[in-house]
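Asker: The following block contains the structure, expressed as structure tokens.
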Amino acid sequence: MEKGKRREVVVSALQFACTDDVSTNLATAERLVRAAHGKGANIILIQELFEGYYFCQAQREDFFQRAKPYKDHPTILKMQELAKELGVVMPVSFFEEANNAHYNSIAIIDADGSDLGLYRKSHIPDGPGYQEKFYFNPGDTGFKVFQTKFAKIGVAICWDQWFPEAARAMVLQGAEILFYPTAIGSEPQDDGLDSRDHWRRVMQGHAGANVVSYTDC
């Protein structure tokens with residue numbers, strides 16, 4: 001690459017309707033990751049909690065069985081293999097069990113398959129359709145950035161995007177692109193309410209205020 005010239009990076013955001021079968025959803029995610037790679041994507045963002053449907057619409061004790069420890073997490077290991085094979089960067093969302101705590105977490109996988117580290121969702125919503133405080137502890141990692149093969153990226157999760165300090169903290173640490181994986185495509189408590197434009201406008205504001213690119217899904 002010519003000195004002083006920025007590398008061109010292609011980013012892809014994936015969103016798909018999940019079943020309640022982990023293997024089916026992983027197969028769908030892999031198929032879409034391969035398709036995105038085939039179109040030239042270098043960094044591929046899969047949606048929040050893609051191993052199953054968005055379970056936080058109700059409070060159920062049995063749903064805690066979905067959580068697994070970060071270390072040797074089977075989905076992360078699988079995505080590490082895929083990232084290494086394709087040479088792509090992938091943030092991988094999962095429901096984390098950590099001793100007696102539970103987090104909405106994301107592992108950042110570099111293009112060589114290495115795990116660059118973990119971010120735990122800081123802002124936890126609680127209301128109709130979003131019973132997340134029943135399941136998730138507030139994250140304790142702080143906002144972080146990750147130096148990947150293709151760019152220095154900041155990754156937060158869903159509701160974090162409504163808080164401008166999250167974007168600002170990541171950019172001040174050098175993030176060039178901000179990522180906000182999201183599970184929802186509409187408002188689960190009201191099929192007639194479409195908040196898409198509001199979400200996008202807030203994200204555009206973060207990008208404009210901080211002079212960076214953003215990707216959500």
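Ordering of the structure tokens sets the chain letters (A, B, ...); residue numbers start at 1 within each chain; ligands are numbered from 1 in the order shown.
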Apply DSSP to the backbone of this structure and, from segment 8-184 of chain A, keep only the residues in strand (DSSP E); write these as number ranges by chain.

Answerer: A: 11-13, 43-45, 90-98, 101-109, 115-120, 145-147, 152-155, 177-180

Asker: Excluding same-chain residues fewer than 3 positions from Ile153 of chain A, what lies within 7 Å of it counting only C-alpha atoms, as a ChimeraX atom specification?

Answerer: /A:145-147,175-178

Asker: Quick one: residues within 10 Å of Trp159 of chain A, only C-alpha atoms, excluding same-chain residues fewer than 3 positions away - as a PDB file with N, CA and C atoms, in the first residue's frame?

Answerer:
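As written to disk, part-v6.pdb reads:
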```pdb
ATOM      1  N   LYS A 121     -21.918  -5.633  26.973  1.00  0.00           N
ATOM      2  CA  LYS A 121     -22.880  -4.549  26.784  1.00  0.00           C
ATOM      3  C   LYS A 121     -23.067  -3.741  28.066  1.00  0.00           C
ATOM      4  N   SER A 122     -22.926  -2.426  27.942  1.00  0.00           N
ATOM      5  CA  SER A 122     -22.959  -1.548  29.107  1.00  0.00           C
ATOM      6  C   SER A 122     -24.364  -1.105  29.483  1.00  0.00           C
ATOM      7  N   HIS A 123     -25.153  -0.716  28.492  1.00  0.00           N
ATOM      8  CA  HIS A 123     -26.489  -0.170  28.728  1.00  0.00           C
ATOM      9  C   HIS A 123     -27.525  -1.267  28.507  1.00  0.00           C
ATOM     10  N   ILE A 124     -28.281  -1.585  29.524  1.00  0.00           N
ATOM     11  CA  ILE A 124     -29.209  -2.715  29.489  1.00  0.00           C
ATOM     12  C   ILE A 124     -30.646  -2.182  29.539  1.00  0.00           C
ATOM     13  N   PRO A 125     -31.435  -2.360  28.480  1.00  0.00           N
ATOM     14  CA  PRO A 125     -32.807  -1.850  28.479  1.00  0.00           C
ATOM     15  C   PRO A 125     -33.731  -2.711  29.336  1.00  0.00           C
ATOM     16  N   ALA A 156     -19.789  -1.735  20.129  1.00  0.00           N
ATOM     17  CA  ALA A 156     -20.740  -1.695  21.238  1.00  0.00           C
ATOM     18  C   ALA A 156     -21.930  -2.562  20.825  1.00  0.00           C
ATOM     19  N   TRP A 162     -27.728   4.453  21.818  1.00  0.00           N
ATOM     20  CA  TRP A 162     -28.518   5.627  22.184  1.00  0.00           C
ATOM     21  C   TRP A 162     -27.745   6.583  23.080  1.00  0.00           C
ATOM     22  N   PHE A 163     -26.547   6.208  23.501  1.00  0.00           N
ATOM     23  CA  PHE A 163     -25.775   6.998  24.453  1.00  0.00           C
ATOM     24  C   PHE A 163     -24.520   7.535  23.760  1.00  0.00           C
ATOM     25  N   TYR A 180     -22.356  -1.653  15.857  1.00  0.00           N
ATOM     26  CA  TYR A 180     -23.399  -1.837  16.871  1.00  0.00           C
ATOM     27  C   TYR A 180     -24.318  -2.987  16.457  1.00  0.00           C
ATOM     28  N   PRO A 181     -23.934  -4.237  16.679  1.00  0.00           N
ATOM     29  CA  PRO A 181     -24.836  -5.343  16.338  1.00  0.00           C
ATOM     30  C   PRO A 181     -26.123  -5.264  17.149  1.00  0.00           C
ATOM     31  N   THR A 182     -27.240  -5.530  16.481  1.00  0.00           N
ATOM     32  CA  THR A 182     -28.564  -5.387  17.073  1.00  0.00           C
ATOM     33  C   THR A 182     -29.412  -6.593  16.706  1.00  0.00           C
ATOM     34  N   TRP A 199     -33.522   4.985  14.695  1.00  0.00           N
ATOM     35  CA  TRP A 199     -32.246   4.321  14.964  1.00  0.00           C
ATOM     36  C   TRP A 199     -31.168   4.817  14.003  1.00  0.00           C
TER      37      TRP A 199
END
```

Asker: Skip Gly113 of chain A itself and residues of its chain fewer than 5 positions away, then list as a list in words all residues within 6 Å of it, counting only C-alpha atoms.

Answerer: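 Close residues of Gly113 of chain A: Gln80, Ala83 and Lys84 of chain A.
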
Asker: Write a file of the just-selected residues containing C-alpha atoms, as an mmCIF file, in the first residue's frame.

Answerer:
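Saved to result_22.cif:
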```
data_model
loop_
_atom_site.group_PDB
_atom_site.id
_atom_site.type_symbol
_atom_site.label_atom_id
_atom_site.label_comp_id
_atom_site.auth_asym_id
_atom_site.auth_seq_id
_atom_site.Cartn_x
_atom_site.Cartn_y
_atom_site.Cartn_z
ATOM 1 C CA GLN A 80 -12.612 -18.290 14.565
ATOM 2 C CA ALA A 83 -12.603 -16.070 9.937
ATOM 3 C CA LYS A 84 -9.179 -17.677 9.484
#
```

Asker: Write out as a list in words which residues come within 10 Å of Ile106 of chain A when counting only C-alpha atoms, dropping same-chain ones fewer than 4 positions away.

Answerer: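 My list of contacting residues is Glu48, Leu49, Tyr70, Ile76, Met90, Pro91, Val92, Ser93, Phe94, Phe95, Glu96, Gly117, Leu118, Tyr119, Arg120, Lys121, Val155, Ala156, Ile157 and Pro181 of chain A.
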
Asker: Write the residues you've just listed into a file as a tab-separated table (two decimals), in the first residue's frame, and include C-alpha atoms for each of them.

Answerer:
```
chain	number	residue	atom	x	y	z
A	48	GLU	CA	-26.72	-9.53	18.19
A	49	LEU	CA	-27.46	-12.90	19.91
A	70	TYR	CA	-16.50	-17.16	27.09
A	76	ILE	CA	-16.77	-18.41	18.97
A	90	MET	CA	-15.90	-10.81	12.62
A	91	PRO	CA	-17.41	-9.52	15.86
A	92	VAL	CA	-19.26	-12.53	17.36
A	93	SER	CA	-22.18	-11.92	19.75
A	94	PHE	CA	-23.13	-14.42	22.48
A	95	PHE	CA	-24.92	-14.82	25.83
A	96	GLU	CA	-22.11	-15.12	28.35
A	117	GLY	CA	-10.86	-9.69	23.27
A	118	LEU	CA	-14.27	-9.20	24.77
A	119	TYR	CA	-16.78	-6.38	25.17
A	120	ARG	CA	-19.79	-6.65	27.50
A	121	LYS	CA	-22.88	-4.55	26.78
A	155	VAL	CA	-17.77	-2.40	18.97
A	156	ALA	CA	-20.74	-1.69	21.24
A	157	ILE	CA	-24.10	-3.50	21.33
A	181	PRO	CA	-24.84	-5.34	16.34
```

Asker: For a test of reading the model, state the distance in Å between atom CA of Glu8 of chain A and atom CA of Lys152 of chain A, rounded to one decimal.

Answerer: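 Taking atom CA of Glu8 of chain A and atom CA of Lys152 of chain A, their separation equals 13.1 Å.
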
Asker: Using only C-alpha atoms, which residue out of A:Ala67, A:Ala41, A:Val11, A:Val33 lies closest to Phe136 of chain A?

Answerer: A:Ala67

Asker: Taking the backbone alone, and naming residues the way the document does, which bits of segment 69-99 of chain A are helix (DSSP H, G or I) by DSSP, as a list of chain:residue names?

Answerer: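 So, restricting segment 69-99 of chain A to helix (DSSP H, G or I), we get A:Pro74, A:Thr75, A:Ile76, A:Leu77, A:Lys78, A:Met79, A:Gln80, A:Glu81, A:Leu82, A:Ala83, A:Lys84, A:Glu85, A:Leu86.
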
Asker: Work out how far atom CA of Gly208 of chain A is from atom CA of Val171 of chain A, in Å to one decimal.

Answerer: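 Atom CA of Gly208 of chain A lies 11.8 Å from atom CA of Val171 of chain A.
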
Asker: Using only C-alpha atoms, determine which residues lie at most 12 Å from Thr28 of chain A, disregarding the query and same-chain residues fewer than 6 positions distant; provide the list as an MDAnalysis selection string.

Answerer: chainID A and resid 14:19 21:22 34:35 46:47 50:52

Asker: Closest to Gly139 of chain A among A:Ala166, A:Leu116, A:His102, A:Leu77, using only C-alpha atoms?

Answerer: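 Distance minimum relative to Gly139 of chain A lands on A:His102.
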
Asker: Let me make sure I understand: among A:Met203, A:Lys149, A:Phe134, A:Gln161, which one has the smallest atom-to-atom distance to Gln59 of chain A if we use only C-alpha atoms?

Answerer: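 Among the listed residues, the smallest separation from Gln59 of chain A belongs to A:Phe134.
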
Asker: Just how far from atom CA of Asp126 of chain A is atom CA of Met170 of chain A, in Å to one decimal?

Answerer: 24.5 Å

Asker: Rank nothing, just name the residue among A:Asp160, A:Gly205, A:Ala169, A:Glu97 nearest to Gln65 of chain A, using only C-alpha atoms.

Answerer: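 Of all the options, A:Glu97 lies closest to Gln65 of chain A.
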
Asker: Neighbours of Ala36 of chain A within 12 Å (only C-alpha atoms; same-chain residues fewer than 6 positions away dropped), as an mmCIF file with N, CA, C and O atoms, in the first residue's frame?

Answerer:
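This went into selection12.cif:
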```
data_model
loop_
_atom_site.group_PDB
_atom_site.id
_atom_site.type_symbol
_atom_site.label_atom_id
_atom_site.label_comp_id
_atom_site.auth_asym_id
_atom_site.auth_seq_id
_atom_site.Cartn_x
_atom_site.Cartn_y
_atom_site.Cartn_z
ATOM 1 N N VAL A 10 -13.969 -3.039 2.943
ATOM 2 C CA VAL A 10 -15.367 -3.324 2.624
ATOM 3 C C VAL A 10 -16.014 -3.963 3.849
ATOM 4 O O VAL A 10 -15.531 -4.959 4.374
ATOM 5 N N VAL A 11 -17.106 -3.356 4.312
ATOM 6 C CA VAL A 11 -17.815 -3.819 5.506
ATOM 7 C C VAL A 11 -19.170 -4.367 5.101
ATOM 8 O O VAL A 11 -19.864 -3.783 4.261
ATOM 9 N N SER A 12 -19.552 -5.491 5.705
ATOM 10 C CA SER A 12 -20.864 -6.087 5.448
ATOM 11 C C SER A 12 -21.596 -6.284 6.770
ATOM 12 O O SER A 12 -21.000 -6.710 7.758
ATOM 13 N N ALA A 13 -22.896 -5.968 6.787
ATOM 14 C CA ALA A 13 -23.733 -6.204 7.964
ATOM 15 C C ALA A 13 -24.778 -7.258 7.620
ATOM 16 O O ALA A 13 -25.461 -7.148 6.598
ATOM 17 N N LEU A 14 -24.907 -8.276 8.457
ATOM 18 C CA LEU A 14 -25.836 -9.373 8.226
ATOM 19 C C LEU A 14 -27.014 -9.284 9.184
ATOM 20 O O LEU A 14 -26.845 -8.946 10.354
ATOM 21 N N GLN A 15 -28.187 -9.603 8.707
ATOM 22 C CA GLN A 15 -29.377 -9.687 9.557
ATOM 23 C C GLN A 15 -30.276 -10.768 8.979
ATOM 24 O O GLN A 15 -30.552 -10.771 7.779
ATOM 25 N N ALA A 29 -25.731 -18.186 9.439
ATOM 26 C CA ALA A 29 -24.696 -17.165 9.598
ATOM 27 C C ALA A 29 -23.482 -17.482 8.735
ATOM 28 O O ALA A 29 -22.950 -16.602 8.050
ATOM 29 N N GLU A 30 -23.047 -18.729 8.739
ATOM 30 C CA GLU A 30 -21.891 -19.108 7.930
ATOM 31 C C GLU A 30 -22.165 -18.904 6.442
ATOM 32 O O GLU A 30 -21.311 -18.384 5.706
ATOM 33 N N ASN A 42 -14.373 -7.365 3.964
ATOM 34 C CA ASN A 42 -13.220 -7.611 4.840
ATOM 35 C C ASN A 42 -13.625 -7.748 6.309
ATOM 36 O O ASN A 42 -13.009 -8.490 7.064
ATOM 37 N N ILE A 43 -14.633 -6.973 6.713
ATOM 38 C CA ILE A 43 -15.149 -7.015 8.084
ATOM 39 C C ILE A 43 -16.636 -7.318 7.995
ATOM 40 O O ILE A 43 -17.378 -6.618 7.293
ATOM 41 N N ILE A 44 -17.069 -8.369 8.684
ATOM 42 C CA ILE A 44 -18.454 -8.835 8.562
ATOM 43 C C ILE A 44 -19.102 -8.860 9.935
ATOM 44 O O ILE A 44 -18.639 -9.554 10.840
ATOM 45 N N LEU A 45 -20.170 -8.097 10.072
ATOM 46 C CA LEU A 45 -20.873 -7.986 11.344
ATOM 47 C C LEU A 45 -22.132 -8.842 11.322
ATOM 48 O O LEU A 45 -23.017 -8.637 10.494
ATOM 49 N N ILE A 46 -22.204 -9.807 12.244
ATOM 50 C CA ILE A 46 -23.399 -10.627 12.415
ATOM 51 C C ILE A 46 -24.233 -9.994 13.526
ATOM 52 O O ILE A 46 -23.702 -9.388 14.446
ATOM 53 N N LEU A 86 -11.392 -17.581 5.691
ATOM 54 C CA LEU A 86 -11.761 -16.553 4.714
ATOM 55 C C LEU A 86 -10.885 -15.304 4.795
ATOM 56 O O LEU A 86 -10.904 -14.485 3.870
ATOM 57 N N VAL A 88 -11.211 -12.853 7.159
ATOM 58 C CA VAL A 88 -12.086 -11.721 7.463
ATOM 59 C C VAL A 88 -12.137 -11.473 8.964
ATOM 60 O O VAL A 88 -11.852 -12.365 9.767
ATOM 61 N N VAL A 89 -12.515 -10.259 9.318
ATOM 62 C CA VAL A 89 -12.721 -9.881 10.715
ATOM 63 C C VAL A 89 -14.199 -10.041 11.041
ATOM 64 O O VAL A 89 -15.064 -9.655 10.251
ATOM 65 N N MET A 90 -14.507 -10.615 12.236
ATOM 66 C CA MET A 90 -15.899 -10.813 12.623
ATOM 67 C C MET A 90 -16.104 -10.543 14.119
ATOM 68 O O MET A 90 -15.515 -11.243 14.946
#
```
